[in-house]
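**Q** Just one file: input_28.cif, with mmCIF, N, CA and C atoms.
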```cif
data_structure
#
loop_
_atom_site.label_atom_id
_atom_site.label_comp_id
_atom_site.auth_asym_id
_atom_site.auth_seq_id
_atom_site.Cartn_x
_atom_site.Cartn_y
_atom_site.Cartn_z
N MET A 12 -7.07 10.77 8.94
CA MET A 12 -6.25 9.64 8.62
C MET A 12 -5.63 9.90 7.25
N SER A 13 -4.36 9.62 7.10
CA SER A 13 -3.70 9.77 5.81
C SER A 13 -3.08 8.44 5.41
N ARG A 14 -2.70 8.36 4.16
CA ARG A 14 -2.09 7.12 3.66
C ARG A 14 -0.71 7.43 3.10
N MET A 15 0.23 6.57 3.42
CA MET A 15 1.56 6.69 2.87
C MET A 15 1.83 5.48 1.98
N VAL A 16 2.27 5.72 0.75
CA VAL A 16 2.59 4.64 -0.17
C VAL A 16 4.01 4.17 0.11
N LEU A 17 4.15 2.88 0.43
CA LEU A 17 5.48 2.32 0.68
C LEU A 17 6.14 1.85 -0.61
N GLU A 18 5.34 1.30 -1.53
CA GLU A 18 5.88 0.73 -2.77
C GLU A 18 4.78 0.61 -3.80
N ARG A 19 5.17 0.62 -5.08
CA ARG A 19 4.24 0.44 -6.21
C ARG A 19 4.67 -0.78 -7.02
N PHE A 20 3.68 -1.55 -7.49
CA PHE A 20 3.96 -2.73 -8.30
C PHE A 20 3.05 -2.74 -9.52
N PRO A 21 3.58 -3.02 -10.71
CA PRO A 21 2.73 -3.08 -11.91
C PRO A 21 1.71 -4.21 -11.79
N ALA A 22 0.55 -3.99 -12.38
CA ALA A 22 -0.54 -4.98 -12.27
C ALA A 22 -0.33 -6.18 -13.18
N GLY A 23 0.52 -6.11 -14.16
CA GLY A 23 0.65 -7.19 -15.14
C GLY A 23 1.75 -8.18 -14.85
N GLY A 24 1.91 -8.59 -13.61
CA GLY A 24 2.96 -9.55 -13.25
C GLY A 24 2.67 -10.94 -13.77
N PRO A 25 3.67 -11.82 -13.70
CA PRO A 25 3.47 -13.21 -14.15
C PRO A 25 2.37 -13.91 -13.36
N ARG A 26 1.68 -14.81 -14.02
CA ARG A 26 0.59 -15.54 -13.38
C ARG A 26 1.10 -16.29 -12.15
N GLY A 27 0.38 -16.14 -11.06
CA GLY A 27 0.75 -16.81 -9.81
C GLY A 27 1.75 -16.02 -8.98
N SER A 28 2.19 -14.87 -9.48
CA SER A 28 3.13 -14.03 -8.75
C SER A 28 2.37 -12.89 -8.09
N TRP A 29 2.64 -12.66 -6.83
CA TRP A 29 1.95 -11.61 -6.06
C TRP A 29 2.97 -10.75 -5.33
N PRO A 30 3.81 -10.00 -6.05
CA PRO A 30 4.88 -9.25 -5.38
C PRO A 30 4.37 -8.20 -4.40
N ALA A 31 3.27 -7.54 -4.69
CA ALA A 31 2.74 -6.54 -3.77
C ALA A 31 2.29 -7.19 -2.46
N GLU A 32 1.60 -8.31 -2.57
CA GLU A 32 1.15 -9.03 -1.37
C GLU A 32 2.34 -9.53 -0.56
N GLU A 33 3.35 -10.05 -1.24
CA GLU A 33 4.54 -10.55 -0.55
C GLU A 33 5.26 -9.42 0.17
N PHE A 34 5.35 -8.26 -0.48
CA PHE A 34 5.99 -7.10 0.14
C PHE A 34 5.19 -6.66 1.38
N ALA A 35 3.87 -6.61 1.26
CA ALA A 35 3.03 -6.21 2.39
C ALA A 35 3.14 -7.20 3.55
N ILE A 36 3.18 -8.47 3.25
CA ILE A 36 3.33 -9.49 4.30
C ILE A 36 4.65 -9.31 5.03
N ALA A 37 5.72 -9.06 4.29
CA ALA A 37 7.03 -8.83 4.90
C ALA A 37 7.00 -7.61 5.81
N ARG A 38 6.31 -6.54 5.40
CA ARG A 38 6.21 -5.35 6.24
C ARG A 38 5.40 -5.65 7.49
N ARG A 39 4.30 -6.41 7.34
CA ARG A 39 3.50 -6.77 8.52
C ARG A 39 4.30 -7.61 9.49
N ASP A 40 5.16 -8.50 8.96
CA ASP A 40 6.03 -9.30 9.83
C ASP A 40 6.99 -8.42 10.62
N GLU A 41 7.30 -7.23 10.09
CA GLU A 41 8.16 -6.27 10.78
C GLU A 41 7.37 -5.37 11.73
N GLY A 42 6.05 -5.55 11.76
CA GLY A 42 5.21 -4.76 12.65
C GLY A 42 4.59 -3.53 12.00
N VAL A 43 4.74 -3.39 10.68
CA VAL A 43 4.16 -2.26 9.95
C VAL A 43 2.81 -2.71 9.40
N PRO A 44 1.72 -2.01 9.70
CA PRO A 44 0.38 -2.45 9.26
C PRO A 44 0.12 -2.13 7.78
N ALA A 45 0.87 -2.75 6.91
CA ALA A 45 0.77 -2.50 5.46
C ALA A 45 -0.37 -3.31 4.85
N ARG A 46 -0.97 -2.72 3.80
CA ARG A 46 -1.99 -3.44 3.03
C ARG A 46 -1.89 -3.04 1.58
N VAL A 47 -2.50 -3.83 0.71
CA VAL A 47 -2.42 -3.62 -0.73
C VAL A 47 -3.74 -3.06 -1.24
N VAL A 48 -3.65 -2.03 -2.07
CA VAL A 48 -4.82 -1.47 -2.74
C VAL A 48 -4.48 -1.32 -4.22
N MET A 49 -5.51 -1.27 -5.05
CA MET A 49 -5.33 -1.12 -6.49
C MET A 49 -5.57 0.32 -6.89
N ASP A 50 -4.63 0.91 -7.62
CA ASP A 50 -4.82 2.24 -8.19
C ASP A 50 -5.23 2.03 -9.65
N LEU A 51 -6.52 2.18 -9.93
CA LEU A 51 -7.05 1.89 -11.26
C LEU A 51 -6.51 2.85 -12.32
N GLU A 52 -6.31 4.11 -11.96
CA GLU A 52 -5.83 5.09 -12.93
C GLU A 52 -4.45 4.74 -13.47
N SER A 53 -3.56 4.28 -12.61
CA SER A 53 -2.20 3.96 -13.05
C SER A 53 -1.99 2.47 -13.30
N ASP A 54 -3.01 1.65 -13.04
CA ASP A 54 -2.94 0.20 -13.21
C ASP A 54 -1.78 -0.40 -12.41
N THR A 55 -1.69 0.02 -11.15
CA THR A 55 -0.66 -0.49 -10.26
C THR A 55 -1.26 -0.88 -8.92
N TYR A 56 -0.56 -1.79 -8.25
CA TYR A 56 -0.90 -2.13 -6.87
C TYR A 56 -0.03 -1.28 -5.97
N LEU A 57 -0.64 -0.70 -4.95
CA LEU A 57 0.08 0.13 -3.99
C LEU A 57 0.09 -0.57 -2.65
N VAL A 58 1.24 -0.60 -2.02
CA VAL A 58 1.33 -1.08 -0.65
C VAL A 58 1.32 0.17 0.21
N ILE A 59 0.30 0.27 1.06
CA ILE A 59 0.11 1.50 1.83
C ILE A 59 0.08 1.22 3.33
N VAL A 60 0.30 2.29 4.08
CA VAL A 60 0.13 2.29 5.52
C VAL A 60 -0.75 3.48 5.85
N GLU A 61 -1.81 3.25 6.60
CA GLU A 61 -2.67 4.35 7.04
C GLU A 61 -2.10 4.90 8.33
N GLN A 62 -2.04 6.24 8.39
CA GLN A 62 -1.47 6.91 9.55
C GLN A 62 -2.47 7.90 10.12
N ARG A 63 -2.47 8.02 11.41
CA ARG A 63 -3.29 9.03 12.05
C ARG A 63 -2.57 10.37 11.93
N THR A 64 -3.33 11.40 11.62
CA THR A 64 -2.75 12.74 11.57
C THR A 64 -3.16 13.49 12.82
N PRO A 65 -2.33 14.40 13.28
CA PRO A 65 -2.70 15.19 14.45
C PRO A 65 -3.99 15.98 14.20
N GLU A 66 -4.73 16.22 15.25
CA GLU A 66 -6.00 16.96 15.16
C GLU A 66 -5.80 18.28 14.44
N GLY A 67 -6.63 18.55 13.45
CA GLY A 67 -6.59 19.80 12.74
C GLY A 67 -5.62 19.83 11.55
N VAL A 68 -4.83 18.77 11.35
CA VAL A 68 -3.89 18.71 10.24
C VAL A 68 -4.47 17.79 9.18
N ARG A 69 -4.51 18.26 7.94
CA ARG A 69 -5.07 17.45 6.86
C ARG A 69 -3.98 17.13 5.85
N ARG A 70 -3.78 15.85 5.56
CA ARG A 70 -2.79 15.40 4.58
C ARG A 70 -3.47 14.51 3.58
N GLU A 71 -3.01 14.56 2.34
CA GLU A 71 -3.57 13.68 1.31
C GLU A 71 -2.47 13.07 0.50
#
```
Could you rewrite the structure in this file as structure tokens?
**A**
Amino acid sequence: MSRMVLERFPAGGPRGSWPAEEFAIARRDEGVPARVVMDLESDTYLVIVEQRTPEGVRRE
């Protein structure tokens, strides 16, 4: 299984604002199984999609 980053959002947004979650919801409404994860090293929220890779192929 590999992950593709669709978009990155800074973690320090205005209080009550959730742009990464809103972006992920919009993608899910389009049928894309997007979800939000936190990248602690870069202090950003990532909207990702997990993808199956063909047998024997490794992607990171």
**Q** Evaluate the PyMOL selection byres ((chain A and resi 40-45) around 6) and record the selected residues as a count of residues only, following the chain and residue labels used in the document.
**A** 11
**Q** Apply the PyMOL selection byres ((chain A and resi 19) around 5) to the displayed file and report the matching residues as a list in words.
**A** Leu17, Glu18, Phe20, Pro21, Tyr56 and Leu57 of chain A
**Q** In Å, rounded to a single decimal, give me how far atom CA of A:Met15 is from atom C of A:Gln62.
**A** 8.4 Å
**Q** Run DSSP on the backbone and tell me which residues of stretch 13-55 of chain A come out as strand (DSSP E); list them as a VMD selection string.
**A** chain A and resid 13 to 21 45 to 50 55
**Q** Carefully work through the PyMOL selection byres (((chain A and resi 54 and name CA) around 9) and name CA) for this structure and note down the residues it includes, as JSON, numbers by chain.
**A** {"A": [20, 21, 22, 23, 49, 50, 51, 52, 53, 55, 56]}
**Q** How far is it from atom C of A:Val48 to atom C of A:Ala31, in Å with one decimal?
**A**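 A separation of 9.1 Å between them.
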**Q** Atom CA of A:Val16 and atom C of A:Ser28 are how many Å apart?
**A**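 For atom CA of A:Val16 relative to atom C of A:Ser28, the distance reads 19.2 Å.
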**Q** Which of chain A counts as helix (DSSP H, G or I) under DSSP, as a list in words please?
**A** Pro30, Ala31, Glu32, Glu33, Phe34, Ala35, Ile36, Ala37, Arg38, Arg39 and Asp40 of chain A
**Q** How about completing stretch 51-62 of chain A with all heavy atoms and giving it to me as a short mmCIF file (atom, residue, chain, number, x, y, z; two decimals), keeping the file's coordinate frame?
**A**
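result-v9.cif written:
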```
data_model
loop_
_atom_site.label_atom_id
_atom_site.label_comp_id
_atom_site.auth_asym_id
_atom_site.auth_seq_id
_atom_site.Cartn_x
_atom_site.Cartn_y
_atom_site.Cartn_z
N LEU A 51 -6.52 2.18 -9.93
CA LEU A 51 -7.05 1.89 -11.26
C LEU A 51 -6.51 2.85 -12.32
O LEU A 51 -6.28 2.45 -13.46
CB LEU A 51 -8.57 1.92 -11.24
CG LEU A 51 -9.23 0.84 -10.39
CD1 LEU A 51 -10.74 1.05 -10.36
CD2 LEU A 51 -8.89 -0.54 -10.89
N GLU A 52 -6.31 4.11 -11.96
CA GLU A 52 -5.83 5.09 -12.93
C GLU A 52 -4.45 4.74 -13.47
O GLU A 52 -4.19 4.89 -14.66
CB GLU A 52 -5.81 6.49 -12.32
CG GLU A 52 -7.18 7.08 -12.13
CD GLU A 52 -7.12 8.51 -11.63
OE1 GLU A 52 -6.11 9.20 -11.86
OE2 GLU A 52 -8.10 8.92 -11.00
N SER A 53 -3.56 4.28 -12.61
CA SER A 53 -2.20 3.96 -13.05
C SER A 53 -1.99 2.47 -13.30
O SER A 53 -0.90 2.05 -13.70
CB SER A 53 -1.18 4.45 -12.01
OG SER A 53 -1.33 3.74 -10.80
N ASP A 54 -3.01 1.65 -13.04
CA ASP A 54 -2.94 0.20 -13.21
C ASP A 54 -1.78 -0.40 -12.41
O ASP A 54 -0.98 -1.18 -12.91
CB ASP A 54 -2.83 -0.17 -14.69
CG ASP A 54 -3.17 -1.64 -14.95
OD1 ASP A 54 -4.00 -2.19 -14.21
OD2 ASP A 54 -2.59 -2.23 -15.88
N THR A 55 -1.69 0.02 -11.15
CA THR A 55 -0.66 -0.49 -10.26
C THR A 55 -1.26 -0.88 -8.92
O THR A 55 -2.32 -0.38 -8.52
CB THR A 55 0.45 0.56 -10.00
OG1 THR A 55 -0.14 1.73 -9.46
CG2 THR A 55 1.23 0.90 -11.24
N TYR A 56 -0.56 -1.79 -8.25
CA TYR A 56 -0.90 -2.13 -6.87
C TYR A 56 -0.03 -1.28 -5.97
O TYR A 56 1.17 -1.15 -6.19
CB TYR A 56 -0.65 -3.61 -6.59
CG TYR A 56 -1.61 -4.52 -7.30
CD1 TYR A 56 -1.22 -5.27 -8.40
CD2 TYR A 56 -2.92 -4.64 -6.85
CE1 TYR A 56 -2.11 -6.10 -9.05
CE2 TYR A 56 -3.82 -5.47 -7.51
CZ TYR A 56 -3.40 -6.20 -8.60
OH TYR A 56 -4.28 -7.02 -9.23
N LEU A 57 -0.64 -0.70 -4.95
CA LEU A 57 0.08 0.13 -3.99
C LEU A 57 0.09 -0.57 -2.65
O LEU A 57 -0.94 -1.06 -2.19
CB LEU A 57 -0.60 1.49 -3.83
CG LEU A 57 -0.88 2.28 -5.10
CD1 LEU A 57 -1.66 3.55 -4.75
CD2 LEU A 57 0.40 2.61 -5.83
N VAL A 58 1.24 -0.60 -2.02
CA VAL A 58 1.33 -1.08 -0.65
C VAL A 58 1.32 0.17 0.21
O VAL A 58 2.19 1.04 0.08
CB VAL A 58 2.62 -1.90 -0.41
CG1 VAL A 58 2.68 -2.36 1.04
CG2 VAL A 58 2.65 -3.11 -1.35
N ILE A 59 0.30 0.27 1.06
CA ILE A 59 0.11 1.50 1.83
C ILE A 59 0.08 1.22 3.33
O ILE A 59 -0.14 0.09 3.76
CB ILE A 59 -1.19 2.23 1.44
CG1 ILE A 59 -2.41 1.38 1.80
CG2 ILE A 59 -1.19 2.60 -0.03
CD1 ILE A 59 -3.72 2.16 1.77
N VAL A 60 0.30 2.29 4.08
CA VAL A 60 0.13 2.29 5.52
C VAL A 60 -0.75 3.48 5.85
O VAL A 60 -0.50 4.59 5.38
CB VAL A 60 1.48 2.44 6.25
CG1 VAL A 60 1.28 2.55 7.74
CG2 VAL A 60 2.40 1.28 5.93
N GLU A 61 -1.81 3.25 6.60
CA GLU A 61 -2.67 4.35 7.04
C GLU A 61 -2.10 4.90 8.33
O GLU A 61 -1.71 4.16 9.21
CB GLU A 61 -4.09 3.87 7.22
CG GLU A 61 -4.72 3.48 5.90
CD GLU A 61 -6.20 3.25 5.99
OE1 GLU A 61 -6.83 3.72 6.95
OE2 GLU A 61 -6.72 2.60 5.08
N GLN A 62 -2.04 6.24 8.39
CA GLN A 62 -1.47 6.91 9.55
C GLN A 62 -2.47 7.90 10.12
O GLN A 62 -3.18 8.55 9.36
CB GLN A 62 -0.20 7.66 9.16
CG GLN A 62 0.85 6.78 8.56
CD GLN A 62 2.03 7.59 8.05
OE1 GLN A 62 1.88 8.69 7.59
NE2 GLN A 62 3.20 7.01 8.15
#
```
